[in-house]
Amino acid sequence: MAASALSDPQTEVDGEEYLPEGLNYQAIARDSDGNIIPNTRIAIRVELLKGEAGDEIEYKELHHVQTNSNGQFSLIIGNGEKELGQFKSIKWEQGNKWMQFSVDINETGDFDFMGKSQLLSVPYAMYAGSAGSIKGSNLRNGNADDWDD
């Protein structure tokens, strides 16, 4: 294995803290009759919505992707061509978030709605949300440097 493959991910860019941001997304492209669309370049519009029912667009981007022989494609939400807002400016902690997709199988600018679903917590995110408030029984006087053995 190459040495670069063993190194930690980049943590600074030009002296500033760097965290890779984006959401991996993978799907199978199908036409309106449900037939798989193999080996084709298509456009996918991704919208991240906010509000109780996901009725306000907070971020929107466009991806041009190539499907494989099984119609599968992958993209990273947050790395597309920005159409509205900034991915880094999304206020994840404020209210409900929704993800909505549209597809343009001919790349003509005519998008068909694919679906919308609410983003929910995953187990590691629920754990991370409480990790800052953990008070171990091994701490005395609330000092993290003072451990009981």
# chains A, B, ... in the order shown; residues from 1 in each chain; ligands from 1
$ residues_around --residues "region 96-103 of chain A" --least-positions-apart "4" --cutoff "6 Å" --atoms "only C-alpha atoms" --output "list in words"
Ala43, Ile44, Arg45, Val46, Glu47, Leu48, Leu49, Lys50, Gly51, Glu52, Gly54, Phe111, Asp112, Phe113, Met114, Gly115, Lys116, Ser117, Gln118 and Leu119 of chain A
$ residues_around --residues "Ser74 (chain A)" --least-positions-apart "6" --cutoff "9 Å" --atoms "only C-alpha atoms" --output "list of chain:residue names"
A:Asn24, A:Tyr25, A:Gln26, A:Ala27, A:Ile28, A:Val65, A:Gln66, A:Thr67
$ atom_distance --atom1 "CA of Gly80 (chain A)" --atom2 "CA of Leu62 (chain A)"
5.4 Å
$ select_by_dssp --residues "region 14-117 of chain A" --states "strand (DSSP E)" --output "ChimeraX atom specification"
/A:16-17,23-28,41-50,56-66,72-77,81-84,97-104,112-117
$ atom_distance --atom1 "CA of Tyr59 (chain A)" --atom2 "CA of Glu107 (chain A)"
20.8 Å
$ select_by_dssp --residues "region 21-129 of chain A" --states "helix (DSSP H, G or I)" --output "ChimeraX atom specification"
/A:87-89,123-129
$ write_last_selection --atoms "N, CA and C atoms" --output "mmCIF file, in the first residue's frame"
data_model
loop_
_atom_site.group_PDB
_atom_site.id
_atom_site.type_symbol
_atom_site.label_atom_id
_atom_site.label_comp_id
_atom_site.auth_asym_id
_atom_site.auth_seq_id
_atom_site.Cartn_x
_atom_site.Cartn_y
_atom_site.Cartn_z
ATOM 1 N N PHE A 87 -23.497 25.121 0.538
ATOM 2 C CA PHE A 87 -23.603 23.915 1.352
ATOM 3 C C PHE A 87 -23.075 24.152 2.762
ATOM 4 N N LYS A 88 -21.950 24.871 2.878
ATOM 5 C CA LYS A 88 -21.351 25.124 4.190
ATOM 6 C C LYS A 88 -22.217 26.040 5.066
ATOM 7 N N SER A 89 -23.171 26.726 4.463
ATOM 8 C CA SER A 89 -24.022 27.650 5.217
ATOM 9 C C SER A 89 -25.314 27.016 5.713
ATOM 10 N N PRO A 123 -27.221 6.502 13.620
ATOM 11 C CA PRO A 123 -26.777 6.192 14.984
ATOM 12 C C PRO A 123 -25.507 6.920 15.434
ATOM 13 N N TYR A 124 -24.478 7.018 14.564
ATOM 14 C CA TYR A 124 -23.258 7.673 15.025
ATOM 15 C C TYR A 124 -23.474 9.168 15.237
ATOM 16 N N ALA A 125 -24.393 9.791 14.509
ATOM 17 C CA ALA A 125 -24.683 11.203 14.720
ATOM 18 C C ALA A 125 -25.432 11.407 16.031
ATOM 19 N N MET A 126 -26.320 10.486 16.377
ATOM 20 C CA MET A 126 -27.029 10.596 17.659
ATOM 21 C C MET A 126 -26.033 10.454 18.801
ATOM 22 N N TYR A 127 -25.075 9.553 18.675
ATOM 23 C CA TYR A 127 -24.048 9.392 19.705
ATOM 24 C C TYR A 127 -23.185 10.647 19.788
ATOM 25 N N ALA A 128 -22.757 11.175 18.653
ATOM 26 C CA ALA A 128 -21.907 12.369 18.640
ATOM 27 C C ALA A 128 -22.624 13.548 19.286
ATOM 28 N N GLY A 129 -23.931 13.619 19.108
ATOM 29 C CA GLY A 129 -24.699 14.707 19.703
ATOM 30 C C GLY A 129 -24.696 14.691 21.212
#
$ residues_around --residues "Lys82 (chain A)" --least-positions-apart "3" --cutoff "8 Å" --atoms "only C-alpha atoms" --output "list in words"
Lys60, Glu61, Leu62, Gly85 and Gln86 of chain A
$ write_last_selection --atoms "N, CA and C atoms" --output "short mmCIF file (atom, residue, chain, number, x, y, z; two decimals), in the first residue's frame"
data_model
loop_
_atom_site.label_atom_id
_atom_site.label_comp_id
_atom_site.auth_asym_id
_atom_site.auth_seq_id
_atom_site.Cartn_x
_atom_site.Cartn_y
_atom_site.Cartn_z
N LYS A 60 -29.47 24.35 -3.41
CA LYS A 60 -29.80 23.63 -4.64
C LYS A 60 -28.53 23.53 -5.49
N GLU A 61 -28.34 22.34 -6.08
CA GLU A 61 -27.19 22.14 -6.95
C GLU A 61 -27.54 21.18 -8.09
N LEU A 62 -26.67 21.16 -9.09
CA LEU A 62 -26.87 20.34 -10.27
C LEU A 62 -25.65 19.45 -10.49
N GLY A 85 -27.73 29.06 -2.70
CA GLY A 85 -27.17 28.86 -1.38
C GLY A 85 -25.76 28.29 -1.40
N GLN A 86 -25.25 28.03 -0.21
CA GLN A 86 -23.93 27.45 -0.01
C GLN A 86 -24.08 26.24 0.91
#
$ closest_residue --among "A:Leu84, A:Asp104, A:Gly78, A:Glu93" --to "Ala29 (chain A)" --atoms "only C-alpha atoms"
A:Asp104
$ closest_residue --among "A:Leu120, A:Glu83, A:Ile105, A:Ile57" --to "Asn39 (chain A)" --atoms "only C-alpha atoms"
A:Ile105
